[in-house]
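K.L.:
Right, I'll just put the structure down here and ask away after.
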Amino acid sequence: MSAASAIPVFIDTGAFYARADEDDNHHEDAIRLFGGIRDGDIAYRPIYTSQAVLSEFATLALYKLGHGTATTSLRAIRESNSINIIPVGKPVFETAAEQFEDYDDQQISFVDHTTSILADERSVEHIFAFDSDFQTLGFSLVPDDGNRALE
């Protein structure tokens, strides 16, 4: 994979959760895509996520999968050399709050709005997620949207 052919991607809570939960409907897709990215077979680089996503993931994993799985998964993400964890500072938080208000006809999480702002700031067009909220916000979904990286 060359740097020129790589596509930046932002990883959402649902992708991390599907990877951690063997019973999740998207677990096998998550395993294949994370493995393909790790092995360099799928050209997604740089890889981003945020403190907000990890907070949401850790809480969800804690309640649904237990403390051990939550901490092990969170540690693995934090120690990864390939995942860039972006902080959510005040300007991003304020912009996400405005966007959250603007989408009053939608039920898109506040964390998804922060992801949208952070992804836009980095010219990221692809979100690794399993829900359509990011399509509503103007992003392409990985592995959906005609992306056949999993095949």
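By order of appearance in the structure tokens: chains A, B, ..., then residues from 1 within every chain, and ligands from 1 in the order shown.
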As JSON, numbers by chain, please: the residues near range 13-25 of chain A (cut-off 12 Å, only C-alpha atoms, same-chain neighbours under 3 positions excluded).
P.N.:
{"A": [9, 10, 28, 29, 30, 31, 32, 33, 34, 35, 48, 49, 50, 51, 52, 53, 54, 55, 56, 57, 58, 59, 60, 61, 62, 63, 64, 65, 66, 68, 69, 70, 71, 72, 73, 74, 76, 77, 83, 109, 111, 112, 115, 127, 128, 129, 130, 131, 132, 133, 134, 141, 142, 143]}
K.L.:
Selection from above, C-alpha atoms, as an mmCIF file, in the first residue's frame, can you write it?
P.N.:
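Output (part_19.cif):
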data_model
loop_
_atom_site.group_PDB
_atom_site.id
_atom_site.type_symbol
_atom_site.label_atom_id
_atom_site.label_comp_id
_atom_site.auth_asym_id
_atom_site.auth_seq_id
_atom_site.Cartn_x
_atom_site.Cartn_y
_atom_site.Cartn_z
ATOM 1 C CA VAL A 9 -10.683 6.827 7.735
ATOM 2 C CA PHE A 10 -12.293 7.709 11.052
ATOM 3 C CA GLU A 28 -17.260 -10.787 11.291
ATOM 4 C CA ASP A 29 -17.210 -7.704 9.039
ATOM 5 C CA ALA A 30 -15.363 -5.752 11.735
ATOM 6 C CA ILE A 31 -12.816 -8.547 12.201
ATOM 7 C CA ARG A 32 -12.149 -8.740 8.443
ATOM 8 C CA LEU A 33 -11.866 -4.983 7.968
ATOM 9 C CA PHE A 34 -9.666 -4.376 11.030
ATOM 10 C CA GLY A 35 -7.476 -7.315 9.961
ATOM 11 C CA TYR A 48 -8.396 8.393 13.308
ATOM 12 C CA THR A 49 -10.715 8.136 16.270
ATOM 13 C CA SER A 50 -11.398 10.502 19.141
ATOM 14 C CA GLN A 51 -11.429 10.667 22.901
ATOM 15 C CA ALA A 52 -15.219 11.047 22.685
ATOM 16 C CA VAL A 53 -15.573 7.858 20.625
ATOM 17 C CA LEU A 54 -13.352 5.956 23.051
ATOM 18 C CA SER A 55 -15.327 7.256 26.020
ATOM 19 C CA GLU A 56 -18.559 6.131 24.406
ATOM 20 C CA PHE A 57 -17.058 2.762 23.429
ATOM 21 C CA ALA A 58 -15.595 2.070 26.874
ATOM 22 C CA THR A 59 -18.915 2.845 28.553
ATOM 23 C CA LEU A 60 -20.896 0.691 26.111
ATOM 24 C CA ALA A 61 -18.413 -2.186 26.410
ATOM 25 C CA LEU A 62 -18.436 -1.915 30.202
ATOM 26 C CA TYR A 63 -22.211 -2.230 30.418
ATOM 27 C CA LYS A 64 -22.643 -4.861 27.706
ATOM 28 C CA LEU A 65 -19.419 -6.909 27.794
ATOM 29 C CA GLY A 66 -17.967 -6.323 31.246
ATOM 30 C CA GLY A 68 -12.379 -6.885 31.559
ATOM 31 C CA THR A 69 -13.348 -6.675 27.894
ATOM 32 C CA ALA A 70 -13.819 -2.907 28.112
ATOM 33 C CA THR A 71 -10.389 -2.274 29.618
ATOM 34 C CA THR A 72 -8.562 -4.786 27.408
ATOM 35 C CA SER A 73 -10.138 -3.356 24.253
ATOM 36 C CA LEU A 74 -9.549 0.247 25.284
ATOM 37 C CA ALA A 76 -5.353 -2.169 22.753
ATOM 38 C CA ILE A 77 -6.764 0.841 20.910
ATOM 39 C CA ILE A 83 -4.711 4.758 15.380
ATOM 40 C CA SER A 109 -25.651 11.359 18.834
ATOM 41 C CA VAL A 111 -20.445 12.000 19.728
ATOM 42 C CA ASP A 112 -21.274 11.462 16.046
ATOM 43 C CA THR A 115 -16.694 12.927 14.874
ATOM 44 C CA ILE A 127 -16.231 6.640 8.507
ATOM 45 C CA PHE A 128 -15.883 3.020 9.662
ATOM 46 C CA ALA A 129 -19.338 2.608 11.213
ATOM 47 C CA PHE A 130 -22.407 0.425 11.006
ATOM 48 C CA ASP A 131 -25.159 3.037 11.202
ATOM 49 C CA SER A 132 -26.463 5.514 8.654
ATOM 50 C CA ASP A 133 -26.078 8.662 10.766
ATOM 51 C CA PHE A 134 -22.795 9.503 9.094
ATOM 52 C CA LEU A 141 -19.543 4.490 5.290
ATOM 53 C CA VAL A 142 -16.944 1.784 5.472
ATOM 54 C CA PRO A 143 -17.720 -1.041 4.737
#
K.L.:
Name the residues of range 51-113 of chain A that fall into strand (DSSP E or B) according to DSSP on the backbone, using the chain letters and numbers of this document, as number ranges by chain.
P.N.:
A: 83-86
K.L.:
Could the residues in this selection be written to a file with C-alpha atoms, as a tab-separated table (two decimals), in the first residue's frame?
P.N.:
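Contents of again_7.tsv, freshly written:
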chain	number	residue	atom	x	y	z
A	83	ILE	CA	-4.71	4.76	15.38
A	84	ASN	CA	-4.51	8.50	15.94
A	85	ILE	CA	-6.64	9.50	18.94
A	86	ILE	CA	-7.83	13.07	18.59
K.L.:
Restricting the calculation to only C-alpha atoms, which member of A:Glu101, A:Arg75, A:Pro87, A:Pro8 is positioned closest to Glu125 in chain A?
P.N.:
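Selected residue with least distance to Glu125 in chain A: A:Pro8.
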